[in-house]
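Notes follow once the structure below has been shown.
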Amino acid sequence: MLQVLNSVKWGKLKDIFQLDWTLYVIYWNQSQQLLYINCSANGSMFENLAKVITFGTAEPINAENVYRSLGRITRLKINNVGLKEQLGKQKSFTMHTGEDVEPALSPVQLLNKIKSNIFGVGFENGAKVSIGCSYKGRVWSRQNGNVEEFVKWCDFTGDKLLDETIDPNSVLQGAVYLRTIKVRPPFLPISIEWNEDIHKRNEQSIYIINKDIPYPFDTFEINLITPSELENIKFSISNENIESIYELEIIEKGLKINCIDNPSYIQLGSNIHSIEEYLYSSSPIIRFVNGAWLEGNQFADYTFSGSPYSKENIRIWDWSDINIRNESQGEQKLKDNIQFKVISELVKGDLDIIFDDDSSGEAADIITVKVDDISNVIFVELFHLKYSHGDDAGARINDLYEVCGQAQKSVFWKGKGGFELFKHMIDRESTRINKEQNSRFEKGDIKQLSLIKEKSKRFYSTNFKIYIVQPGLSKEKASEQQLELLAVTENHLLETYKIKLEVIASS
């Protein structure tokens with residue numbers, strides 16, 4: 001740590017100084033032969049310091065190889081790119097952001113230019129990451145952590161920098177680029193979800209207000225209404241008491257959020273906004289059947305090109321004893337429905353918690369939890385159920401649209417972590433018990449879940465798996481269109497938070 005007395009920046013005063021501290025964290029990896037320097041003042045490459053530490057032998061990472069740090073990141077969205085151009089003695093620097101990024105990285109634009117710096121966000125090893133790098137040999141991230149976590153990040157990043165199988169010239173070929181659109185894309189939307197900004201807030205400080213009555217945010221859900229390929233995108237924000245209906249319209253100058261019926265407001269701390277105002281600034285994310293998505297008027301034309309979901313991976317259950325057109329058991333715990341059937345099968349297994357989370361604001365229809373105290377891992381399974389649109393199992397694609405959308409939408413719980421999910425479950429149970437209704441627990445209790453929540457906060461990792469349960473889907477008759485949609489969903493789960501998908505259907 002370096003301490004320096006400097007003149008104050010806010011005035012020309014001879015006798016007043018400010019004390020500035022500069023913190024250095026220096027790490028040498030012997031096996032990699034790499035030196036890492038992290039400093040609170042990042043205006044230098046610290047070449048002289050590096051040479052002193054290494055007795056003059058230190059050299060920065062090769063300019064092109066530094067871009068290997070972007071390798072193996074899925075759904076990499078480039079936020080900005082800086083390019084340097086040198087023609088004779090003249091040098092120029094240009095910064096490209098937003099929809100200007102993709103054309104800036106084309107072969108024609110890169111001619112006679114150096115990629116000065118690149119910054120983006122994506123997913124790696126089942127977690128959301130941010131990564132930036134510059135040709136001078138600098139790599140950085142927005143990640144926060146302690147010294148131990150910094151060392152792990154250095155080791156992991158250093159391995160990529162030294163990995164000759166990562167081609168620094170091709171790491172950007174699979175990147176996702178957002179572009180501004182003036183008309184809605186002609187694809188069928190299958191899900192709508194809140195902008196991730198809202199998930200960074202404490203849910204207990206958020207309320208939806210309707211007719212001057214505040215309702216807890218975690219009792220609400222946002223869902224599509226009669227989705228189509230051409231019309232404006234209609235959606236509802238609802239709980240068990242109210243429903244507000246809105247419409248997202250793409251226009252020449254951007255987008256509009258229109259209230260169709262029963263306007264509501266959102267309270268974030270002490271600030272209250274109309275839903276239209278809030279969703280205009282923090283646009284919902286709409287995912288389409290082909291894997292593309294829309295955020296406001298920014299469209300990611302992402303099309304899955306992998307193989308269809310394998311029929312052999314579909315698990316068959318016997319549904320002959322229930323009505324496959326009935327989905328939920330409800331608070332009354334009715335029996336002739338899909339949810340009761342699934343719970344009946346789950347209680348036969350070795351699980352610690354079986355939780356009925358069904359109703360507005362759910363994380364899933366059913367949540368199971370199993371704790372492994374030997375490996376210090378908590379296994380979480382999210383079951384998304386959907387009723388059949390026919391009396392018999394078949395190849396109806398509309399049997400899968402909504403449930404696949406729900407599965408894709410629920411991956412954010414892995415991003416929030418087990419602690420937040422267990423807190424959500426405890427709050428949901430407390431609300432129901434306060435209303436003197438039946439417990440949501442089918443196995444276990446709130447005391448047991450509270451202990452698991454504390455384990456997840458301190459010593460245990462959480463492993464997620466997501467299930468789609470649709471008895472209206474026939475394994476034998478499954479269509480190519482159905483299998484492609486399941487593959488898009490599986491790919492979304494794996495490329496984001498590395499979550500395994502299981503599908504339970506009929507024969």
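Ordering of the structure tokens sets the chain letters (A, B, ...), residue numbers begin anew at 1 in every chain, and ligands are numbered from 1 in the order given.
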If you take only C-alpha atoms and a cut-off of 12 Å, which residues of range 321-401 of chain A touch range 407-429 of chain A, and what are their nearest atom pairs and distances in Å to one decimal, in chain and number order, as a Markdown table?
```
| residue | atom | partner | partner_atom | distance |
| --- | --- | --- | --- | --- |
| A:Glu331 | CA | A:Glu429 | CA | 11.6 |
| A:Ile353 | CA | A:Phe422 | CA | 10.7 |
| A:Ile354 | CA | A:Met425 | CA | 10.9 |
| A:Phe355 | CA | A:Met425 | CA | 8.0 |
| A:Asp356 | CA | A:Met425 | CA | 9.3 |
| A:Asp357 | CA | A:Met425 | CA | 7.4 |
| A:Asp358 | CA | A:Arg428 | CA | 10.1 |
| A:Ser359 | CA | A:Arg428 | CA | 10.0 |
| A:Ser360 | CA | A:Arg428 | CA | 10.5 |
| A:Gly361 | CA | A:Arg428 | CA | 9.1 |
| A:Glu362 | CA | A:Arg428 | CA | 8.8 |
| A:Ala363 | CA | A:Ser410 | CA | 6.5 |
| A:Ala364 | CA | A:Ser410 | CA | 7.5 |
| A:Asp365 | CA | A:Ala407 | CA | 10.7 |
| A:Ile366 | CA | A:Met425 | CA | 10.8 |
| A:Ile367 | CA | A:Met425 | CA | 9.0 |
| A:Thr368 | CA | A:Phe422 | CA | 10.8 |
| A:Val369 | CA | A:Phe422 | CA | 9.5 |
| A:Lys370 | CA | A:Gly418 | CA | 12.0 |
| A:Val371 | CA | A:Gly418 | CA | 11.8 |
| A:Val377 | CA | A:Gly418 | CA | 10.6 |
| A:Ile378 | CA | A:Gly418 | CA | 8.2 |
| A:Phe379 | CA | A:Gly418 | CA | 9.4 |
| A:Val380 | CA | A:Gly418 | CA | 8.1 |
| A:Glu381 | CA | A:Lys414 | CA | 10.9 |
| A:Leu382 | CA | A:Ser410 | CA | 8.3 |
| A:Phe383 | CA | A:Ala407 | CA | 8.5 |
| A:His384 | CA | A:Ala407 | CA | 6.6 |
| A:Leu385 | CA | A:Ala407 | CA | 9.6 |
| A:Lys386 | CA | A:Ala407 | CA | 11.1 |
| A:Leu400 | CA | A:Ala407 | CA | 10.4 |
| A:Tyr401 | CA | A:Ala407 | CA | 10.2 |
```
Using the selection just defined, write its residues with C-alpha atoms as a tab-separated table (two decimals), in the first residue's frame.
```
chain	number	residue	atom	x	y	z
A	331	GLU	CA	-54.26	-24.82	-1.94
A	353	ILE	CA	-37.87	-30.79	1.03
A	354	ILE	CA	-40.80	-31.02	-1.39
A	355	PHE	CA	-42.44	-27.62	-1.78
A	356	ASP	CA	-45.59	-26.59	-3.66
A	357	ASP	CA	-44.70	-23.13	-4.98
A	358	ASP	CA	-47.60	-22.97	-7.44
A	359	SER	CA	-49.44	-19.59	-7.78
A	360	SER	CA	-48.52	-16.08	-8.89
A	361	GLY	CA	-44.88	-15.21	-8.22
A	362	GLU	CA	-43.72	-18.83	-8.24
A	363	ALA	CA	-40.17	-19.94	-8.88
A	364	ALA	CA	-41.62	-23.23	-10.15
A	365	ASP	CA	-44.71	-25.35	-9.63
A	366	ILE	CA	-42.76	-27.75	-7.39
A	367	ILE	CA	-39.34	-27.29	-5.77
A	368	THR	CA	-37.34	-30.13	-4.24
A	369	VAL	CA	-34.24	-29.85	-2.07
A	370	LYS	CA	-31.72	-32.51	-1.06
A	371	VAL	CA	-28.68	-31.75	1.12
A	377	VAL	CA	-23.75	-29.55	-1.92
A	378	ILE	CA	-27.44	-28.64	-1.90
A	379	PHE	CA	-29.33	-30.15	-4.85
A	380	VAL	CA	-32.32	-28.11	-6.06
A	381	GLU	CA	-34.84	-29.26	-8.65
A	382	LEU	CA	-37.39	-26.92	-10.24
A	383	PHE	CA	-40.41	-28.65	-11.79
A	384	HIS	CA	-42.46	-26.73	-14.37
A	385	LEU	CA	-45.78	-28.38	-15.16
A	386	LYS	CA	-48.29	-27.70	-17.90
A	400	LEU	CA	-44.74	-26.86	-25.07
A	401	TYR	CA	-44.63	-23.11	-25.76
```
If you run DSSP on the backbone, which residues of range 99-266 of chain A are strand (DSSP E), as an MDAnalysis selection string? chainID A and resid 113:124 127:134 138:140 178:180 189:193 206:210 213:216 221:224 233:238 243:251 254:261 265:266
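The residue set within 8 Å of Ile225 in chain A, counting only C-alpha atoms and dropping same-chain residues fewer than 5 places from it, reads Ile233, Lys234, Phe235 and Ser236 of chain A.
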Restricting the output to N, CA and C atoms, write the selected residues as a PDB file, in the first residue's frame.
```pdb
ATOM      1  N   ILE A 233     -46.939  -7.076 -28.655  1.00  0.00           N
ATOM      2  CA  ILE A 233     -46.763  -8.104 -27.627  1.00  0.00           C
ATOM      3  C   ILE A 233     -47.558  -7.715 -26.380  1.00  0.00           C
ATOM      4  N   LYS A 234     -48.609  -8.485 -26.104  1.00  0.00           N
ATOM      5  CA  LYS A 234     -49.454  -8.210 -24.943  1.00  0.00           C
ATOM      6  C   LYS A 234     -49.021  -9.085 -23.775  1.00  0.00           C
ATOM      7  N   PHE A 235     -49.103  -8.499 -22.563  1.00  0.00           N
ATOM      8  CA  PHE A 235     -48.708  -9.253 -21.383  1.00  0.00           C
ATOM      9  C   PHE A 235     -49.480  -8.752 -20.168  1.00  0.00           C
ATOM     10  N   SER A 236     -49.500  -9.585 -19.137  1.00  0.00           N
ATOM     11  CA  SER A 236     -50.183  -9.225 -17.898  1.00  0.00           C
ATOM     12  C   SER A 236     -49.201  -9.193 -16.743  1.00  0.00           C
TER      13      SER A 236
END
```
Skip Glu484 in chain A itself and residues of its chain fewer than 6 positions away, then list as a list in words all residues within 10 Å of it, counting only C-alpha atoms. Val289, Asn290, Phe304, Ser305, Gly306, Ser307, Pro308, Tyr309, Ser310 and Glu490 of chain A
I need the residues from that last selection saved to file as a PDB file, in the first residue's frame (with C-alpha atoms), if you can.
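Output saved as result31.pdb:
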```pdb
ATOM      1  CA  VAL A 289     -39.280 -19.719 -30.069  1.00  0.00           C
ATOM      2  CA  ASN A 290     -36.035 -19.777 -32.114  1.00  0.00           C
ATOM      3  CA  PHE A 304     -30.063 -22.070 -32.327  1.00  0.00           C
ATOM      4  CA  SER A 305     -28.468 -24.303 -34.962  1.00  0.00           C
ATOM      5  CA  GLY A 306     -27.810 -27.450 -32.935  1.00  0.00           C
ATOM      6  CA  SER A 307     -29.442 -30.857 -33.115  1.00  0.00           C
ATOM      7  CA  PRO A 308     -33.057 -31.451 -32.017  1.00  0.00           C
ATOM      8  CA  TYR A 309     -33.645 -32.761 -28.519  1.00  0.00           C
ATOM      9  CA  SER A 310     -33.174 -36.537 -28.460  1.00  0.00           C
ATOM     10  CA  GLU A 490     -31.918 -27.085 -23.198  1.00  0.00           C
TER      11      GLU A 490
END
```
As an NGL selection string, list the residues of range 241-327 of chain A assigned to helix (DSSP H, G or I) by DSSP on the backbone atoms of this structure. :A and (275-281 or 311-313)
Show me, as a PyMOL selection string, the residues that have an atom within 10 Å of Trp28 in chain A when counting only C-alpha atoms, minus same-chain residues fewer than 6 positions from it. chain A and resi 34-37+53-54+151+154-155
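Interatomic distance, CA of His96 in chain A against CA of Gly82 in chain A: 6.2 Å.
Take CA of Lys475 in chain A and CA of Phe288 in chain A: the distance between them is 23.7 Å.
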Would you compute the distance between CA of Lys457 in chain A and CA of Asn376 in chain A? Give it in Å to one decimal.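 Straight-line distance from CA of Lys457 in chain A to CA of Asn376 in chain A works out to 11.7 Å.
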